[in-house]
Amino acid sequence: MASMSVRNLPLRNILKHSCFLRQTTALGWVTRNPRQFSATAEQSTEASEAEKQLQEQITTLTKENETLTEKVADLQDKYQRTLADRENVRLRLEKQIVDAKQYGIQGFCKDLLEVSDVFRKAIESVTEEQVQKGSPELKNLYDGLVMTETQLLSVFRRHGLEQINPVIGEKFDPSQQEAMFELPLPDKVPGTVAHTIRLGWTLHSRCIRSAQVGVVKDN
């Protein structure tokens, strides 16, 4: 039995025998070299500790990097918001300057509109027939009023003042018209202009005085 060849042993026994030989060899080396084994074990322990410390440092630095990244993103967002706010303020100030230039004369224009109303009433107080049949003085006075009103309206237009003259039958527009009364007119569309009492005015497309009108009443 003892002289049986290794070639005749089963594979399982061969593997067990090989593992046993390696363990025996390693144990023998440790027995023969205890100091070297101890030094190697200490180096292995130190390497494990160093690896652990390195891993901890990596974890710490990763967290710090994430924190700094969040702070940078927050500061970038605040910076962008500040730029947007400054741009909005600049645009708002520019608009206020433009509005001040365009609408600074609004109060003065409203006062002049009263003068225009007086001219219109004076002109409408005399009919074309009365002018033709009247004295030359009346005709000259009438023509002077018409010319003065024409010149005044030209000055108004040059400074951005335009008339709001509602057309009979058009839909009532509350943004530019003021309903003073309602008329029951069965042959007219309800909610449309039936009569104009006073013209309105806009200054650079902004309504500064609504036109006063009568509106067709709903049936």
# chains A, B, ... in the order shown; residues from 1 in each chain; ligands from 1
$ residues_around --residues "A:Lys121" --least-positions-apart "2" --cutoff "12 Å" --atoms "only C-alpha atoms" --output "PyMOL selection string"
chain A and resi 114-119+123-127+142+145-146+149+197-199
$ select_by_dssp --residues "stretch 104-175 of chain A" --states "strand (DSSP E)" --output "VMD selection string"
chain A and resid 161 to 164
$ write_last_selection --atoms "N, CA and C atoms" --output "compact mmCIF listing (two decimals), in the first residue's frame"
# COMPACT_ATOMS: atom_id res chain seq x y z
N LEU A 161 -51.40 113.66 -29.68
CA LEU A 161 -52.82 113.68 -29.30
C LEU A 161 -53.69 113.35 -30.50
N GLU A 162 -54.56 112.34 -30.31
CA GLU A 162 -55.47 111.95 -31.39
C GLU A 162 -56.89 111.85 -30.85
N GLN A 163 -57.85 112.18 -31.72
CA GLN A 163 -59.25 112.13 -31.31
C GLN A 163 -59.79 110.70 -31.31
N ILE A 164 -60.73 110.45 -30.38
CA ILE A 164 -61.52 109.22 -30.38
C ILE A 164 -62.92 109.63 -30.80
$ residues_around --residues "A:Asn165" --least-positions-apart "6" --cutoff "10 Å" --atoms "only C-alpha atoms" --output "PDB file with all heavy atoms, in the first residue's frame"
ATOM      1  N   GLN A 176     -62.256 102.912 -24.156  1.00  0.00           N
ATOM      2  CA  GLN A 176     -62.115 104.237 -24.751  1.00  0.00           C
ATOM      3  C   GLN A 176     -63.414 105.029 -24.763  1.00  0.00           C
ATOM      4  O   GLN A 176     -63.418 106.187 -25.193  1.00  0.00           O
ATOM      5  CB  GLN A 176     -61.591 104.130 -26.199  1.00  0.00           C
ATOM      6  CG  GLN A 176     -60.185 103.584 -26.304  1.00  0.00           C
ATOM      7  CD  GLN A 176     -59.650 103.667 -27.725  1.00  0.00           C
ATOM      8  OE1 GLN A 176     -60.411 103.766 -28.688  1.00  0.00           O
ATOM      9  NE2 GLN A 176     -58.347 103.636 -27.858  1.00  0.00           N
ATOM     10  N   GLN A 177     -64.479 104.407 -24.296  1.00  0.00           N
ATOM     11  CA  GLN A 177     -65.778 105.071 -24.339  1.00  0.00           C
ATOM     12  C   GLN A 177     -66.473 104.974 -22.982  1.00  0.00           C
ATOM     13  O   GLN A 177     -66.279 104.005 -22.244  1.00  0.00           O
ATOM     14  CB  GLN A 177     -66.663 104.434 -25.426  1.00  0.00           C
ATOM     15  CG  GLN A 177     -66.068 104.532 -26.821  1.00  0.00           C
ATOM     16  CD  GLN A 177     -66.767 103.636 -27.813  1.00  0.00           C
ATOM     17  OE1 GLN A 177     -67.779 103.006 -27.499  1.00  0.00           O
ATOM     18  NE2 GLN A 177     -66.229 103.549 -29.030  1.00  0.00           N
ATOM     19  N   THR A 196     -73.087 110.151 -30.077  1.00  0.00           N
ATOM     20  CA  THR A 196     -71.838 110.665 -29.503  1.00  0.00           C
ATOM     21  C   THR A 196     -72.093 112.019 -28.861  1.00  0.00           C
ATOM     22  O   THR A 196     -72.584 112.953 -29.522  1.00  0.00           O
ATOM     23  CB  THR A 196     -70.750 110.803 -30.579  1.00  0.00           C
ATOM     24  OG1 THR A 196     -70.493 109.529 -31.166  1.00  0.00           O
ATOM     25  CG2 THR A 196     -69.456 111.327 -29.963  1.00  0.00           C
ATOM     26  N   ARG A 198     -69.575 113.546 -26.614  1.00  0.00           N
ATOM     27  CA  ARG A 198     -68.305 114.268 -26.562  1.00  0.00           C
ATOM     28  C   ARG A 198     -67.205 113.356 -27.081  1.00  0.00           C
ATOM     29  O   ARG A 198     -67.177 112.159 -26.789  1.00  0.00           O
ATOM     30  CB  ARG A 198     -67.991 114.679 -25.113  1.00  0.00           C
ATOM     31  CG  ARG A 198     -66.762 115.564 -24.968  1.00  0.00           C
ATOM     32  CD  ARG A 198     -66.408 115.780 -23.514  1.00  0.00           C
ATOM     33  NE  ARG A 198     -65.904 114.548 -22.896  1.00  0.00           N
ATOM     34  CZ  ARG A 198     -65.472 114.466 -21.631  1.00  0.00           C
ATOM     35  NH1 ARG A 198     -65.531 115.531 -20.853  1.00  0.00           N
ATOM     36  NH2 ARG A 198     -65.031 113.318 -21.161  1.00  0.00           N
ATOM     37  N   LEU A 199     -66.293 113.925 -27.863  1.00  0.00           N
ATOM     38  CA  LEU A 199     -65.178 113.148 -28.400  1.00  0.00           C
ATOM     39  C   LEU A 199     -64.182 112.806 -27.299  1.00  0.00           C
ATOM     40  O   LEU A 199     -64.022 113.557 -26.326  1.00  0.00           O
ATOM     41  CB  LEU A 199     -64.471 113.933 -29.515  1.00  0.00           C
ATOM     42  CG  LEU A 199     -65.308 114.303 -30.744  1.00  0.00           C
ATOM     43  CD1 LEU A 199     -64.461 115.101 -31.733  1.00  0.00           C
ATOM     44  CD2 LEU A 199     -65.873 113.067 -31.406  1.00  0.00           C
ATOM     45  N   GLY A 200     -63.510 111.696 -27.488  1.00  0.00           N
ATOM     46  CA  GLY A 200     -62.450 111.311 -26.562  1.00  0.00           C
ATOM     47  C   GLY A 200     -61.077 111.607 -27.158  1.00  0.00           C
ATOM     48  O   GLY A 200     -60.965 111.993 -28.332  1.00  0.00           O
ATOM     49  N   TRP A 201     -60.028 111.374 -26.342  1.00  0.00           N
ATOM     50  CA  TRP A 201     -58.674 111.669 -26.802  1.00  0.00           C
ATOM     51  C   TRP A 201     -57.689 110.618 -26.282  1.00  0.00           C
ATOM     52  O   TRP A 201     -57.844 110.087 -25.179  1.00  0.00           O
ATOM     53  CB  TRP A 201     -58.221 113.057 -26.314  1.00  0.00           C
ATOM     54  CG  TRP A 201     -58.956 114.193 -26.971  1.00  0.00           C
ATOM     55  CD1 TRP A 201     -60.145 114.743 -26.583  1.00  0.00           C
ATOM     56  CD2 TRP A 201     -58.563 114.880 -28.149  1.00  0.00           C
ATOM     57  NE1 TRP A 201     -60.526 115.750 -27.428  1.00  0.00           N
ATOM     58  CE2 TRP A 201     -59.561 115.861 -28.415  1.00  0.00           C
ATOM     59  CE3 TRP A 201     -57.476 114.797 -29.016  1.00  0.00           C
ATOM     60  CZ2 TRP A 201     -59.492 116.722 -29.497  1.00  0.00           C
ATOM     61  CZ3 TRP A 201     -57.412 115.659 -30.092  1.00  0.00           C
ATOM     62  CH2 TRP A 201     -58.404 116.606 -30.322  1.00  0.00           C
ATOM     63  N   SER A 210     -62.062 109.554 -22.103  1.00  0.00           N
ATOM     64  CA  SER A 210     -62.981 108.671 -22.819  1.00  0.00           C
ATOM     65  C   SER A 210     -64.018 109.486 -23.577  1.00  0.00           C
ATOM     66  O   SER A 210     -64.414 110.577 -23.150  1.00  0.00           O
ATOM     67  CB  SER A 210     -63.687 107.729 -21.837  1.00  0.00           C
ATOM     68  OG  SER A 210     -62.756 106.915 -21.156  1.00  0.00           O
ATOM     69  N   ALA A 211     -64.464 108.933 -24.696  1.00  0.00           N
ATOM     70  CA  ALA A 211     -65.555 109.552 -25.437  1.00  0.00           C
ATOM     71  C   ALA A 211     -66.870 109.239 -24.732  1.00  0.00           C
ATOM     72  O   ALA A 211     -67.094 108.118 -24.280  1.00  0.00           O
ATOM     73  CB  ALA A 211     -65.577 109.006 -26.858  1.00  0.00           C
ATOM     74  N   GLN A 212     -67.723 110.230 -24.618  1.00  0.00           N
ATOM     75  CA  GLN A 212     -69.031 110.037 -23.982  1.00  0.00           C
ATOM     76  C   GLN A 212     -70.064 109.713 -25.054  1.00  0.00           C
ATOM     77  O   GLN A 212     -70.215 110.461 -26.025  1.00  0.00           O
ATOM     78  CB  GLN A 212     -69.433 111.293 -23.212  1.00  0.00           C
ATOM     79  CG  GLN A 212     -68.543 111.585 -22.025  1.00  0.00           C
ATOM     80  CD  GLN A 212     -68.960 112.837 -21.282  1.00  0.00           C
ATOM     81  OE1 GLN A 212     -69.755 113.649 -21.770  1.00  0.00           O
ATOM     82  NE2 GLN A 212     -68.422 113.023 -20.083  1.00  0.00           N
ATOM     83  N   VAL A 213     -70.738 108.572 -24.868  1.00  0.00           N
ATOM     84  CA  VAL A 213     -71.666 108.103 -25.896  1.00  0.00           C
ATOM     85  C   VAL A 213     -72.962 107.592 -25.274  1.00  0.00           C
ATOM     86  O   VAL A 213     -73.031 107.329 -24.078  1.00  0.00           O
ATOM     87  CB  VAL A 213     -71.032 106.955 -26.726  1.00  0.00           C
ATOM     88  CG1 VAL A 213     -69.800 107.439 -27.461  1.00  0.00           C
ATOM     89  CG2 VAL A 213     -70.697 105.759 -25.826  1.00  0.00           C
TER      90      VAL A 213
END
$ atom_distance --atom1 "atom CA of A:Pro190" --atom2 "atom CA of A:Ser175"
17.9 Å
$ select_by_dssp --residues "stretch 43-213 of chain A" --states "helix (DSSP H, G or I)" --output "ChimeraX atom specification"
/A:43-103,106-124,128-133,136-158
$ closest_residue --among "A:Glu94, A:Glu56, A:Lys188, A:Ile208" --to "A:Ile168" --atoms "only C-alpha atoms"
A:Lys188
$ atom_distance --atom1 "atom CA of A:Glu170" --atom2 "atom CA of A:Gly214"
11.6 Å
$ closest_residue --among "A:Arg86, A:Ala194, A:Cys207, A:Arg120" --to "A:Met147" --atoms "only C-alpha atoms"
A:Arg120
$ closest_residue --among "A:Ala73, A:Cys109, A:Leu185, A:Val216" --to "A:Val155" --atoms "only C-alpha atoms"
A:Cys109
$ decode --residues "stretch 49-87 of chain A" --atoms "N, CA and C atoms" --output "mmCIF file, in the first residue's frame"
data_model
loop_
_atom_site.group_PDB
_atom_site.id
_atom_site.type_symbol
_atom_site.label_atom_id
_atom_site.label_comp_id
_atom_site.auth_asym_id
_atom_site.auth_seq_id
_atom_site.Cartn_x
_atom_site.Cartn_y
_atom_site.Cartn_z
ATOM 1 N N GLU A 49 -4.316 49.447 7.799
ATOM 2 C CA GLU A 49 -4.644 50.696 8.478
ATOM 3 C C GLU A 49 -4.495 51.893 7.542
ATOM 4 N N ALA A 50 -3.402 51.883 6.757
ATOM 5 C CA ALA A 50 -3.179 52.978 5.813
ATOM 6 C C ALA A 50 -4.280 53.021 4.760
ATOM 7 N N GLU A 51 -4.663 51.828 4.285
ATOM 8 C CA GLU A 51 -5.749 51.767 3.300
ATOM 9 C C GLU A 51 -7.061 52.276 3.893
ATOM 10 N N LYS A 52 -7.309 51.939 5.159
ATOM 11 C CA LYS A 52 -8.517 52.391 5.827
ATOM 12 C C LYS A 52 -8.522 53.912 5.972
ATOM 13 N N GLN A 53 -7.352 54.472 6.399
ATOM 14 C CA GLN A 53 -7.257 55.922 6.537
ATOM 15 C C GLN A 53 -7.429 56.624 5.185
ATOM 16 N N LEU A 54 -6.828 56.032 4.148
ATOM 17 C CA LEU A 54 -6.965 56.610 2.813
ATOM 18 C C LEU A 54 -8.420 56.609 2.367
ATOM 19 N N GLN A 55 -9.112 55.506 2.646
ATOM 20 C CA GLN A 55 -10.524 55.424 2.285
ATOM 21 C C GLN A 55 -11.350 56.465 3.030
ATOM 22 N N GLU A 56 -11.012 56.666 4.322
ATOM 23 C CA GLU A 56 -11.726 57.672 5.100
ATOM 24 C C GLU A 56 -11.475 59.072 4.537
ATOM 25 N N GLN A 57 -10.205 59.317 4.154
ATOM 26 C CA GLN A 57 -9.885 60.621 3.559
ATOM 27 C C GLN A 57 -10.637 60.829 2.244
ATOM 28 N N ILE A 58 -10.716 59.769 1.444
ATOM 29 C CA ILE A 58 -11.445 59.866 0.174
ATOM 30 C C ILE A 58 -12.914 60.179 0.426
ATOM 31 N N THR A 59 -13.498 59.506 1.420
ATOM 32 C CA THR A 59 -14.904 59.746 1.754
ATOM 33 C C THR A 59 -15.123 61.188 2.221
ATOM 34 N N THR A 60 -14.203 61.663 3.091
ATOM 35 C CA THR A 60 -14.303 63.035 3.595
ATOM 36 C C THR A 60 -14.179 64.056 2.468
ATOM 37 N N LEU A 61 -13.179 63.846 1.599
ATOM 38 C CA LEU A 61 -12.976 64.769 0.487
ATOM 39 C C LEU A 61 -14.157 64.741 -0.493
ATOM 40 N N THR A 62 -14.736 63.575 -0.682
ATOM 41 C CA THR A 62 -15.903 63.469 -1.566
ATOM 42 C C THR A 62 -17.069 64.284 -1.021
ATOM 43 N N LYS A 63 -17.315 64.170 0.294
ATOM 44 C CA LYS A 63 -18.386 64.942 0.916
ATOM 45 C C LYS A 63 -18.117 66.442 0.819
ATOM 46 N N GLU A 64 -16.842 66.830 1.067
ATOM 47 C CA GLU A 64 -16.497 68.245 0.964
ATOM 48 C C GLU A 64 -16.695 68.757 -0.463
ATOM 49 N N ASN A 65 -16.318 67.911 -1.439
ATOM 50 C CA ASN A 65 -16.494 68.295 -2.840
ATOM 51 C C ASN A 65 -17.978 68.475 -3.186
ATOM 52 N N GLU A 66 -18.809 67.572 -2.684
ATOM 53 C CA GLU A 66 -20.244 67.695 -2.925
ATOM 54 C C GLU A 66 -20.798 68.967 -2.296
ATOM 55 N N THR A 67 -20.331 69.280 -1.071
ATOM 56 C CA THR A 67 -20.784 70.497 -0.388
ATOM 57 C C THR A 67 -20.373 71.751 -1.157
ATOM 58 N N LEU A 68 -19.112 71.763 -1.598
ATOM 59 C CA LEU A 68 -18.623 72.920 -2.353
ATOM 60 C C LEU A 68 -19.344 73.058 -3.696
ATOM 61 N N THR A 69 -19.642 71.920 -4.320
ATOM 62 C CA THR A 69 -20.377 71.961 -5.589
ATOM 63 C C THR A 69 -21.764 72.566 -5.394
ATOM 64 N N GLU A 70 -22.424 72.177 -4.304
ATOM 65 C CA GLU A 70 -23.750 72.732 -4.009
ATOM 66 C C GLU A 70 -23.663 74.233 -3.748
ATOM 67 N N LYS A 71 -22.603 74.657 -3.012
ATOM 68 C CA LYS A 71 -22.441 76.082 -2.733
ATOM 69 C C LYS A 71 -22.192 76.874 -4.021
ATOM 70 N N VAL A 72 -21.345 76.300 -4.899
ATOM 71 C CA VAL A 72 -21.070 76.973 -6.175
ATOM 72 C C VAL A 72 -22.346 77.108 -6.997
ATOM 73 N N ALA A 73 -23.150 76.026 -7.051
ATOM 74 C CA ALA A 73 -24.414 76.074 -7.801
ATOM 75 C C ALA A 73 -25.359 77.112 -7.204
ATOM 76 N N ASP A 74 -25.408 77.187 -5.855
ATOM 77 C CA ASP A 74 -26.275 78.171 -5.196
ATOM 78 C C ASP A 74 -25.813 79.590 -5.495
ATOM 79 N N LEU A 75 -24.496 79.825 -5.432
ATOM 80 C CA LEU A 75 -23.968 81.155 -5.723
ATOM 81 C C LEU A 75 -24.189 81.525 -7.189
ATOM 82 N N GLN A 76 -24.056 80.540 -8.085
ATOM 83 C CA GLN A 76 -24.304 80.800 -9.498
ATOM 84 C C GLN A 76 -25.751 81.189 -9.731
ATOM 85 N N ASP A 77 -26.657 80.499 -9.048
ATOM 86 C CA ASP A 77 -28.081 80.813 -9.184
ATOM 87 C C ASP A 77 -28.377 82.219 -8.662
ATOM 88 N N LYS A 78 -27.799 82.554 -7.491
ATOM 89 C CA LYS A 78 -28.000 83.894 -6.941
ATOM 90 C C LYS A 78 -27.413 84.966 -7.857
ATOM 91 N N TYR A 79 -26.268 84.658 -8.454
ATOM 92 C CA TYR A 79 -25.634 85.608 -9.375
ATOM 93 C C TYR A 79 -26.520 85.865 -10.594
ATOM 94 N N GLN A 80 -27.074 84.767 -11.158
ATOM 95 C CA GLN A 80 -27.950 84.907 -12.315
ATOM 96 C C GLN A 80 -29.206 85.696 -11.951
ATOM 97 N N ARG A 81 -29.766 85.430 -10.769
ATOM 98 C CA ARG A 81 -30.952 86.155 -10.331
ATOM 99 C C ARG A 81 -30.650 87.650 -10.148
ATOM 100 N N THR A 82 -29.467 87.933 -9.599
ATOM 101 C CA THR A 82 -29.077 89.337 -9.397
ATOM 102 C C THR A 82 -28.946 90.058 -10.730
ATOM 103 N N LEU A 83 -28.331 89.376 -11.708
ATOM 104 C CA LEU A 83 -28.212 89.977 -13.034
ATOM 105 C C LEU A 83 -29.591 90.226 -13.649
ATOM 106 N N ALA A 84 -30.489 89.249 -13.485
ATOM 107 C CA ALA A 84 -31.841 89.406 -14.034
ATOM 108 C C ALA A 84 -32.578 90.556 -13.352
ATOM 109 N N ASP A 85 -32.425 90.667 -12.023
ATOM 110 C CA ASP A 85 -33.077 91.761 -11.294
ATOM 111 C C ASP A 85 -32.542 93.122 -11.741
ATOM 112 N N ARG A 86 -31.226 93.198 -11.918
ATOM 113 C CA ARG A 86 -30.630 94.462 -12.360
ATOM 114 C C ARG A 86 -31.120 94.834 -13.761
ATOM 115 N N GLU A 87 -31.245 93.817 -14.636
ATOM 116 C CA GLU A 87 -31.725 94.086 -15.983
ATOM 117 C C GLU A 87 -33.177 94.554 -15.951
#
